[in-house]
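Participant: I'm passing along protein.tsv; it holds TSV, C-alpha atoms.
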chain	number	residue	atom	x	y	z
A	19	MET	CA	-8.73	-30.48	-10.95
A	20	ARG	CA	-6.00	-32.13	-8.88
A	21	ASP	CA	-7.21	-30.30	-5.74
A	22	LEU	CA	-10.80	-31.42	-6.24
A	23	LEU	CA	-10.26	-35.17	-6.35
A	24	ASN	CA	-10.69	-35.87	-2.62
A	25	ASP	CA	-14.00	-34.04	-2.38
A	26	ILE	CA	-15.29	-35.50	-5.65
A	27	ASP	CA	-14.42	-39.00	-4.42
A	28	ARG	CA	-16.25	-38.36	-1.16
A	29	TRP	CA	-19.33	-37.10	-2.99
A	30	LYS	CA	-19.29	-40.04	-5.36
A	31	ALA	CA	-18.94	-42.45	-2.42
A	32	GLN	CA	-22.04	-40.82	-0.90
A	33	GLY	CA	-23.86	-41.48	-4.16
A	34	LYS	CA	-24.19	-37.79	-5.01
A	35	GLN	CA	-24.39	-36.53	-8.56
A	36	VAL	CA	-21.50	-34.24	-9.44
A	37	ALA	CA	-21.01	-31.65	-12.18
A	38	LEU	CA	-17.56	-30.51	-13.25
A	39	ALA	CA	-16.90	-27.03	-14.69
A	40	ARG	CA	-13.55	-26.33	-16.34
A	41	VAL	CA	-12.07	-23.23	-17.93
A	42	VAL	CA	-11.26	-24.31	-21.50
A	43	ASP	CA	-10.35	-20.96	-23.05
A	44	ILE	CA	-9.68	-17.35	-22.16
A	45	GLU	CA	-9.84	-14.35	-24.50
A	46	GLY	CA	-7.99	-11.27	-23.30
A	47	SER	CA	-7.31	-10.86	-19.61
A	48	GLY	CA	-8.64	-13.66	-17.44
A	49	PRO	CA	-8.11	-14.46	-13.79
A	50	ARG	CA	-7.54	-18.21	-14.19
A	51	ASP	CA	-5.89	-20.24	-16.94
A	52	PRO	CA	-7.50	-23.09	-18.89
A	53	GLY	CA	-7.73	-26.10	-16.59
A	54	ALA	CA	-9.01	-24.14	-13.58
A	55	ALA	CA	-11.92	-26.19	-12.30
A	56	MET	CA	-14.76	-26.32	-9.86
A	57	ALA	CA	-17.17	-29.09	-8.95
A	58	VAL	CA	-20.76	-28.84	-7.73
A	59	ASN	CA	-22.80	-31.67	-6.21
A	60	GLU	CA	-26.55	-32.14	-6.46
A	61	ASP	CA	-27.07	-30.42	-3.09
A	62	GLY	CA	-25.29	-27.28	-4.31
A	63	GLU	CA	-22.04	-27.85	-2.39
A	64	VAL	CA	-19.12	-26.28	-4.24
A	65	ILE	CA	-15.35	-26.82	-4.38
A	66	GLY	CA	-12.67	-25.10	-6.47
A	67	SER	CA	-12.99	-21.95	-8.56
A	68	VAL	CA	-12.85	-20.84	-12.18
A	69	SER	CA	-12.36	-17.07	-11.83
A	70	GLY	CA	-11.60	-14.57	-9.13
A	71	GLY	CA	-15.09	-15.05	-7.73
A	72	CYS	CA	-16.81	-13.15	-10.55
A	73	VAL	CA	-18.77	-15.93	-12.24
A	74	GLU	CA	-18.83	-18.78	-9.70
A	75	GLY	CA	-22.41	-18.07	-8.66
A	76	ALA	CA	-23.63	-18.30	-12.24
A	77	VAL	CA	-21.60	-21.48	-12.82
A	78	VAL	CA	-23.23	-23.16	-9.81
A	79	ALA	CA	-26.67	-22.27	-11.24
A	80	GLU	CA	-25.69	-23.72	-14.65
A	81	ALA	CA	-24.24	-26.86	-13.03
A	82	LEU	CA	-27.34	-27.47	-10.91
A	83	GLY	CA	-29.49	-26.84	-13.99
A	84	ILE	CA	-27.61	-29.63	-15.76
A	85	LEU	CA	-27.73	-32.07	-12.81
A	86	HIS	CA	-31.42	-31.51	-12.17
A	87	GLY	CA	-32.32	-31.10	-15.84
A	88	ASP	CA	-31.30	-32.80	-19.08
A	89	LYS	CA	-27.83	-33.90	-17.82
A	90	GLN	CA	-26.27	-32.68	-21.07
A	91	PRO	CA	-22.78	-31.14	-21.12
A	92	LYS	CA	-22.67	-27.50	-22.11
A	93	LEU	CA	-20.19	-24.89	-23.30
A	94	VAL	CA	-20.86	-21.50	-21.70
A	95	LYS	CA	-19.12	-18.18	-21.92
A	96	PHE	CA	-18.95	-15.17	-19.66
A	97	GLY	CA	-17.75	-11.79	-20.84
A	98	TYR	CA	-17.21	-8.31	-19.55
A	99	SER	CA	-19.78	-7.38	-16.93
A	100	ASP	CA	-20.46	-3.92	-18.40
A	101	ASP	CA	-21.61	-5.52	-21.63
A	102	GLU	CA	-25.42	-5.69	-21.74
A	103	ALA	CA	-25.23	-9.08	-23.45
A	104	PHE	CA	-24.05	-10.71	-20.26
A	105	ALA	CA	-25.87	-10.70	-16.96
A	106	VAL	CA	-22.83	-11.93	-15.07
A	107	GLY	CA	-19.27	-11.33	-16.12
A	108	LEU	CA	-15.67	-10.69	-15.42
A	109	THR	CA	-14.60	-7.30	-14.21
A	110	CYS	CA	-11.17	-7.65	-15.81
A	111	GLY	CA	-12.48	-7.30	-19.37
A	112	GLY	CA	-11.76	-10.78	-20.68
A	113	ILE	CA	-14.00	-13.56	-21.92
A	114	ILE	CA	-13.95	-16.93	-20.20
A	115	HIS	CA	-15.17	-20.14	-21.88
A	116	LEU	CA	-16.28	-22.93	-19.57
A	117	PHE	CA	-17.22	-26.53	-20.22
A	118	ILE	CA	-19.72	-27.85	-17.70
A	119	GLN	CA	-20.54	-31.56	-17.68
A	120	PRO	CA	-22.04	-34.15	-15.37
A	121	LEU	CA	-19.19	-36.25	-13.94
A	122	THR	CA	-20.56	-39.57	-15.18
A	123	TRP	CA	-17.44	-40.74	-17.00
B	23	MET	CA	-12.94	-49.08	-13.20
B	24	SER	CA	-14.39	-45.83	-14.57
B	25	LEU	CA	-12.34	-43.42	-16.64
B	26	TYR	CA	-12.52	-40.94	-13.76
B	27	GLN	CA	-11.12	-43.51	-11.30
B	28	GLN	CA	-8.25	-44.41	-13.61
B	29	PHE	CA	-7.55	-40.73	-14.17
B	30	SER	CA	-7.61	-39.80	-10.46
B	31	GLU	CA	-5.34	-42.73	-9.59
B	32	ARG	CA	-2.73	-41.52	-12.07
B	33	VAL	CA	-2.95	-37.89	-10.94
B	34	ARG	CA	-2.59	-38.94	-7.30
B	35	ALA	CA	0.45	-41.04	-8.15
B	36	ASN	CA	1.99	-37.95	-9.85
B	37	LEU	CA	2.07	-39.79	-13.18
B	38	PRO	CA	1.62	-37.77	-16.39
B	39	VAL	CA	-1.85	-37.98	-17.90
B	40	ALA	CA	-3.91	-35.97	-20.38
B	41	LEU	CA	-7.69	-35.77	-20.55
B	42	ALA	CA	-9.27	-35.09	-23.94
B	43	SER	CA	-12.90	-33.92	-23.86
B	44	VAL	CA	-15.18	-33.12	-26.81
B	45	ILE	CA	-16.54	-29.71	-25.81
B	46	ASP	CA	-18.32	-28.88	-29.07
B	47	GLY	CA	-19.61	-30.84	-32.08
B	48	PRO	CA	-20.77	-34.43	-32.45
B	49	ASN	CA	-20.32	-36.54	-29.31
B	50	ILE	CA	-20.07	-33.54	-26.99
B	51	GLY	CA	-19.01	-34.78	-23.56
B	52	ALA	CA	-17.05	-37.79	-24.91
B	53	MET	CA	-13.81	-38.30	-22.98
B	54	MET	CA	-10.49	-40.00	-23.53
B	55	MET	CA	-7.48	-40.46	-21.25
B	56	VAL	CA	-3.97	-40.49	-22.71
B	57	SER	CA	-0.72	-41.31	-20.93
B	58	PRO	CA	2.79	-42.00	-22.21
B	59	ASP	CA	3.14	-45.46	-20.71
B	60	THR	CA	-0.33	-47.02	-20.81
B	61	GLU	CA	-2.99	-47.67	-23.43
B	62	THR	CA	-5.42	-44.88	-24.29
B	63	GLN	CA	-8.69	-45.25	-22.40
B	64	GLY	CA	-12.14	-44.08	-23.50
B	65	SER	CA	-13.11	-42.79	-26.94
B	66	LEU	CA	-14.23	-39.60	-28.65
B	67	GLY	CA	-16.53	-41.59	-30.93
B	68	ASN	CA	-14.33	-42.30	-33.96
B	69	THR	CA	-11.20	-44.47	-34.05
B	70	GLU	CA	-9.32	-42.15	-36.43
B	71	LEU	CA	-10.21	-39.09	-34.33
B	72	ASP	CA	-9.06	-41.00	-31.25
B	73	ARG	CA	-5.73	-41.78	-32.88
B	74	VAL	CA	-5.04	-38.18	-33.95
B	75	VAL	CA	-6.14	-36.68	-30.62
B	76	ALA	CA	-4.06	-39.24	-28.68
B	77	ARG	CA	-1.00	-38.22	-30.73
B	78	ASP	CA	-1.65	-34.52	-30.05
B	79	ALA	CA	-2.35	-35.17	-26.38
B	80	GLN	CA	1.05	-36.87	-26.02
B	81	GLY	CA	2.65	-33.74	-27.44
B	82	GLU	CA	0.69	-31.44	-25.13
B	83	LEU	CA	1.71	-33.62	-22.20
B	84	GLU	CA	5.38	-33.34	-23.10
B	85	ALA	CA	5.02	-29.56	-23.36
B	86	GLY	CA	2.93	-29.39	-20.16
B	87	ARG	CA	0.32	-27.45	-22.13
B	88	THR	CA	-3.48	-27.32	-21.95
B	89	SER	CA	-5.42	-26.16	-25.03
B	90	VAL	CA	-8.45	-26.47	-27.30
B	91	ARG	CA	-7.87	-28.11	-30.70
B	92	HIS	CA	-10.10	-28.41	-33.75
B	93	TYR	CA	-10.67	-31.55	-35.81
B	94	GLY	CA	-13.03	-33.00	-38.37
B	95	PRO	CA	-15.31	-35.82	-37.13
B	96	GLU	CA	-12.79	-38.37	-38.50
B	97	GLY	CA	-9.78	-36.60	-37.07
B	98	GLN	CA	-9.13	-34.37	-40.10
B	99	THR	CA	-6.70	-31.57	-39.29
B	100	THR	CA	-5.77	-29.90	-42.59
B	101	PRO	CA	-7.86	-26.82	-43.51
B	102	GLU	CA	-8.97	-28.32	-46.89
B	103	ASP	CA	-10.33	-31.40	-45.13
B	104	LEU	CA	-12.22	-29.28	-42.63
B	105	VAL	CA	-14.33	-27.46	-45.24
B	106	ASN	CA	-17.97	-28.60	-45.21
B	107	THR	CA	-17.57	-30.86	-42.19
B	108	PRO	CA	-18.77	-30.17	-38.68
B	109	THR	CA	-15.93	-29.13	-36.38
B	110	VAL	CA	-15.12	-31.14	-33.30
B	111	ARG	CA	-13.53	-28.99	-30.62
B	112	VAL	CA	-11.46	-31.00	-28.18
B	113	PHE	CA	-10.17	-29.66	-24.87
B	114	ILE	CA	-6.86	-31.35	-24.13
B	115	GLU	CA	-5.85	-30.89	-20.53
B	116	ALA	CA	-2.36	-31.98	-19.54
B	117	PHE	CA	-1.69	-33.07	-15.98
B	118	SER	CA	2.07	-33.12	-15.60
B	119	PRO	CA	3.71	-34.26	-12.38
B	120	PRO	CA	4.49	-31.33	-10.05
B	121	PRO	CA	7.83	-29.57	-10.66
B	122	THR	CA	10.69	-30.32	-8.27
B	123	MET	CA	12.63	-27.87	-6.13
B	124	VAL	CA	15.93	-29.17	-4.81
B	125	ILE	CA	17.18	-27.15	-1.83
B	126	PHE	CA	20.75	-27.66	-0.66
B	127	GLY	CA	21.57	-26.79	2.94
B	128	ALA	CA	19.50	-27.69	5.99
B	129	VAL	CA	19.18	-24.18	7.47
B	130	ASP	CA	16.31	-21.95	8.68
B	131	PHE	CA	16.04	-20.35	5.23
B	132	THR	CA	15.48	-23.85	3.85
B	133	ALA	CA	12.47	-24.49	6.09
B	134	ALA	CA	10.85	-21.21	5.03
B	135	LEU	CA	11.63	-21.77	1.35
B	136	ALA	CA	10.30	-25.34	1.49
B	137	ARG	CA	7.02	-24.04	2.96
B	138	VAL	CA	6.55	-21.41	0.24
B	139	ALA	CA	7.55	-23.89	-2.48
B	140	LYS	CA	4.86	-26.29	-1.22
B	141	VAL	CA	2.26	-23.51	-1.52
B	142	LEU	CA	3.35	-23.15	-5.17
B	143	GLY	CA	2.92	-26.90	-5.76
B	144	TYR	CA	6.55	-28.03	-5.89
B	145	HIS	CA	7.77	-31.46	-4.93
B	146	VAL	CA	10.40	-30.31	-2.41
B	147	LEU	CA	13.63	-32.16	-1.83
B	148	VAL	CA	16.02	-30.97	0.92
B	149	CYS	CA	19.62	-32.17	0.79
B	150	ASP	CA	22.49	-31.72	3.24
B	151	ALA	CA	25.45	-33.96	4.07
B	152	ARG	CA	25.11	-33.36	7.82
B	153	GLU	CA	22.72	-35.91	9.23
B	154	VAL	CA	22.17	-33.96	12.47
B	155	PHE	CA	20.57	-31.16	10.45
B	156	ALA	CA	18.97	-32.94	7.52
B	157	THR	CA	16.09	-34.59	9.38
B	158	ASN	CA	12.41	-35.03	8.66
B	159	ARG	CA	11.70	-33.50	12.06
B	160	ARG	CA	13.30	-30.22	11.06
B	161	PHE	CA	11.71	-30.23	7.61
B	162	PRO	CA	8.31	-31.86	7.98
B	163	MET	CA	7.01	-29.83	5.02
B	164	ALA	CA	9.58	-31.32	2.60
B	165	ASP	CA	8.59	-34.30	0.46
B	166	GLU	CA	12.06	-35.78	0.81
B	167	VAL	CA	15.01	-35.06	3.10
B	168	LEU	CA	18.24	-36.65	1.88
B	169	VAL	CA	21.50	-36.92	3.78
B	170	THR	CA	23.99	-36.94	0.95
B	171	TRP	CA	26.43	-34.86	-1.09
B	172	PRO	CA	25.43	-32.99	-4.26
B	173	ALA	CA	27.38	-35.24	-6.67
B	174	PRO	CA	25.61	-38.52	-5.82
B	175	LEU	CA	22.25	-36.75	-5.71
B	176	PHE	CA	22.70	-35.32	-9.21
B	177	ALA	CA	24.11	-38.62	-10.46
B	178	GLU	CA	20.87	-40.28	-9.39
B	179	ARG	CA	18.27	-37.59	-10.15
B	180	GLY	CA	19.93	-35.03	-12.41
B	181	SER	CA	18.79	-36.51	-15.71
B	182	GLN	CA	15.13	-36.40	-14.60
B	183	LEU	CA	15.20	-32.65	-13.87
B	184	THR	CA	13.63	-30.37	-16.50
B	185	GLN	CA	13.13	-26.71	-17.36
B	186	ARG	CA	10.20	-26.59	-14.90
B	187	ASP	CA	12.40	-27.56	-11.95
B	188	ALA	CA	14.51	-25.36	-9.67
B	189	VAL	CA	17.69	-25.77	-7.64
B	190	CYS	CA	18.31	-23.44	-4.68
B	191	ILE	CA	21.69	-23.62	-2.98
B	192	LEU	CA	21.48	-22.08	0.49
B	193	THR	CA	24.53	-23.60	2.17
B	194	HIS	CA	27.12	-20.88	1.55
B	195	ASP	CA	29.82	-23.36	2.40
B	196	PRO	CA	32.30	-23.67	-0.48
B	197	LYS	CA	32.88	-27.39	-0.05
B	198	PHE	CA	29.17	-27.99	-0.57
B	199	ASP	CA	28.30	-25.02	-2.86
B	200	VAL	CA	30.84	-25.74	-5.55
B	201	PRO	CA	29.79	-29.34	-6.26
B	202	ALA	CA	26.12	-28.31	-5.92
B	203	VAL	CA	26.50	-25.57	-8.55
B	204	ILE	CA	28.50	-27.83	-10.86
B	205	GLY	CA	25.89	-30.58	-10.50
B	206	ALA	CA	23.00	-28.16	-11.10
B	207	LEU	CA	24.68	-26.69	-14.20
B	208	ALA	CA	24.82	-30.16	-15.74
B	209	THR	CA	20.99	-30.39	-15.58
B	210	LYS	CA	18.25	-28.70	-17.62
B	211	VAL	CA	16.66	-26.95	-14.61
B	212	GLY	CA	15.11	-23.58	-15.40
B	213	TYR	CA	16.37	-21.88	-12.26
B	214	ILE	CA	19.59	-22.10	-10.25
B	215	GLY	CA	19.76	-19.72	-7.28
B	216	VAL	CA	22.75	-19.54	-4.97
B	217	MET	CA	22.67	-17.75	-1.62
B	218	GLY	CA	25.40	-15.43	-0.43
B	219	SER	CA	26.44	-11.79	-0.49
B	220	ARG	CA	28.06	-10.25	-3.58
B	221	LYS	CA	31.43	-10.77	-1.88
B	222	THR	CA	30.69	-14.44	-1.14
B	223	HIS	CA	29.53	-14.91	-4.70
B	224	ALA	CA	32.65	-13.27	-6.14
B	225	LYS	CA	34.82	-15.72	-4.20
B	226	ARG	CA	32.58	-18.59	-5.27
B	227	VAL	CA	32.90	-17.54	-8.90
B	228	GLU	CA	36.70	-17.76	-8.56
B	229	ARG	CA	36.44	-21.31	-7.22
B	230	LEU	CA	33.95	-22.28	-9.91
B	231	ARG	CA	36.23	-20.91	-12.64
B	232	GLU	CA	39.13	-22.90	-11.18
B	233	ALA	CA	36.89	-25.95	-11.39
B	234	GLY	CA	36.41	-25.30	-15.10
B	235	VAL	CA	33.00	-23.59	-15.11
B	236	THR	CA	32.63	-21.28	-18.15
B	237	ASP	CA	31.25	-17.71	-18.26
B	238	LEU	CA	28.23	-18.96	-20.18
B	239	GLU	CA	27.48	-21.41	-17.39
B	240	LEU	CA	28.07	-18.76	-14.70
B	241	ALA	CA	25.47	-16.57	-16.42
B	242	ARG	CA	22.81	-19.16	-15.52
B	243	LEU	CA	23.34	-18.59	-11.79
B	244	MET	CA	21.03	-16.25	-9.88
B	245	SER	CA	23.31	-15.00	-7.12
B	246	PRO	CA	22.82	-13.16	-4.84
B	247	ILE	CA	19.56	-15.09	-4.81
B	248	GLY	CA	16.09	-13.54	-5.01
B	249	LEU	CA	14.26	-10.36	-6.01
B	250	ASP	CA	15.29	-7.01	-4.56
B	251	ILE	CA	12.32	-6.52	-2.22
B	252	GLY	CA	14.35	-5.85	0.92
B	253	ALA	CA	13.72	-9.32	2.38
B	254	ARG	CA	15.37	-9.92	5.79
B	255	THR	CA	13.76	-12.88	7.52
B	256	PRO	CA	13.86	-16.46	6.21
B	257	GLU	CA	10.18	-16.16	5.27
B	258	GLU	CA	10.62	-12.88	3.41
B	259	THR	CA	13.67	-14.31	1.66
B	260	ALA	CA	11.64	-17.36	0.63
B	261	ILE	CA	9.03	-15.07	-0.97
B	262	SER	CA	11.77	-13.13	-2.76
B	263	ILE	CA	13.30	-16.36	-4.13
B	264	CYS	CA	9.96	-17.77	-5.28
B	265	GLY	CA	9.04	-14.41	-6.80
B	266	GLU	CA	12.28	-14.54	-8.77
B	267	ILE	CA	11.57	-18.10	-9.95
B	268	ILE	CA	8.15	-17.02	-11.26
B	269	ALA	CA	9.55	-13.87	-12.92
B	270	ARG	CA	12.36	-15.84	-14.63
B	271	ARG	CA	9.85	-18.36	-15.95
B	272	THR	CA	7.51	-15.67	-17.32
B	273	GLY	CA	10.35	-13.44	-18.51
B	274	ARG	CA	9.12	-10.42	-16.54
B	275	GLY	CA	11.27	-7.81	-14.85
B	276	ALA	CA	9.14	-7.96	-11.66
B	277	PRO	CA	8.33	-4.27	-11.08
B	278	SER	CA	5.02	-3.34	-9.40
B	279	LEU	CA	1.99	-3.75	-11.69
B	280	ARG	CA	0.88	-0.22	-10.77
B	281	ASP	CA	3.99	1.25	-12.36
B	282	GLY	CA	3.60	-0.53	-15.69
B	283	GLU	CA	1.15	-0.57	-18.61
B	284	GLY	CA	-0.73	-3.18	-20.60
B	285	PRO	CA	-2.64	-6.29	-19.60
B	286	ILE	CA	-1.67	-8.00	-16.36
B	287	HIS	CA	-2.18	-11.50	-17.82
B	288	LYS	CA	-0.22	-12.34	-20.97
Show this structure as structure tokens.

Facilitator:
Amino acid sequence: MRDLLNDIDRWKAQGKQVALARVVDIEGSGPRDPGAAMAVNEDGEVIGSVSGGCVEGAVVAEALGILHGDKQPKLVKFGYSDDEAFAVGLTCGGIIHLFIQPLTW
Amino acid sequence: MSLYQQFSERVRANLPVALASVIDGPNIGAMMMVSPDTETQGSLGNTELDRVVARDAQGELEAGRTSVRHYGPEGQTTPEDLVNTPTVRVFIEAFSPPPTMVIFGAVDFTAALARVAKVLGYHVLVCDAREVFATNRRFPMADEVLVTWPAPLFAERGSQLTQRDAVCILTHDPKFDVPAVIGALATKVGYIGVMGSRKTHAKRVERLREAGVTDLELARLMSPIGLDIGARTPEETAISICGEIIARRTGRGAPSLRDGEGPIHK
């Protein structure tokens, strides 16, 4: 999250709503460790990353859904992309747990 | 000031801070900020839960670890107490100050190593006793350039260095190397690399032994420095040194992933 602070501050100064997505847990092989973070503003601008590019698109959609919807934090998980249970997933075979929340704290 | 503002100020100042977030259970989204030297800010919704999580967060901060922990709504942690209560899952994220790399010797290899170390997130300190060479102009990428000898530097900073920090000695000048190695050995740093050929190192070992350095201490030294990737230029050498630092930390032998088996992340 360290690398995101400047952009988040700029967005906040512009009065934009911001959602923060953080990797909180990894099962099996995962591209990024817990703590990897990305931030999305209400216009859909994105900084940071939470995987090797596999799930970022889906995270942006979730984040915008939160900002434009009920503003409630949410725990989401993405698994292996070959598994029918997941539309989007990691190609490396692991499961990634993300916490997505509006940055209102 | 919001919790986020207080948090970002501390992170920017390179002060240790942990963020605890309820990611599942009652009060999802509640946040708390814990630091060793200031009062806990924010709340997870229950004073007893706050107290227990703050205690755990201090421990995670010391270990530089980020993890998810499970509690009862009133901070219960023992399995018996967790039966029949909703579980509160708390993500504790530790933000430790960046690790330090101390590089002795103001040479071309130092500039390349300092650049690569910055990419890896190190706070880079360059030290040489020759003020003509140890200048900010020659090492603009370094966080600090100090004109001093190893002994006073370690006397001032040595006790603050930890397992996460590294010392790289690139001078290959005995009158500087020997005190640098002796100073580094007295710290807890996780990596001590010393530049020089096998021949140079053999001579250095003799001098170090004469100075009272034991075999056990000598075993901590990585010399010749770096991984065997055939590095020639300062930049390639910097990659080989940083590769070795990573491999020593993770306990890997550093062969190519293609030639091994098993998961690539452990």

Participant: Please determine the residues with any atom at most 12 Å from (-8.4, -38.5, -7.4) (coordinates as given in the file, with all atoms listed in the file counting) and report them as a count of residues only.

Facilitator: 25

Participant: May I have the protein, DNA and RNA residues with any atom at most 10 Å from the point (26.1, -14.4, -1.6), counting all atoms listed in the file, written as a list in words?

Facilitator: Leu192, His194, Val216, Met217, Gly218, Ser219, Arg220, Lys221, Thr222, His223, Ala224, Lys225, Arg226, Met244, Ser245, Pro246 and Ile247 of chain B

Participant: Output as a tab-separated table one row per residue of chain A within 6 Å of chain B: the closest atom pair and its distance in Å to one decimal place, counting all atoms listed in the file, sorted by chain and residue number ascending.

Facilitator:
residue	atom	partner	partner_atom	distance
A:Ser47	CA	B:His287	CA	5.5
A:Pro91	CA	B:Gly51	CA	5.8
A:Trp123	CA	B:Leu25	CA	5.8

Participant: What gap, in Å, lies between CA of Gly53 (chain A) and CA of Thr272 (chain B)?

Facilitator: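 The value is 18.5 Å.
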
Participant: Between CA of Gly97 (chain B) and CA of Met55 (chain B), what is the distance in Å, rounded to a tenth?

Facilitator: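 Rounded to one decimal, the two atoms are 16.4 Å apart.
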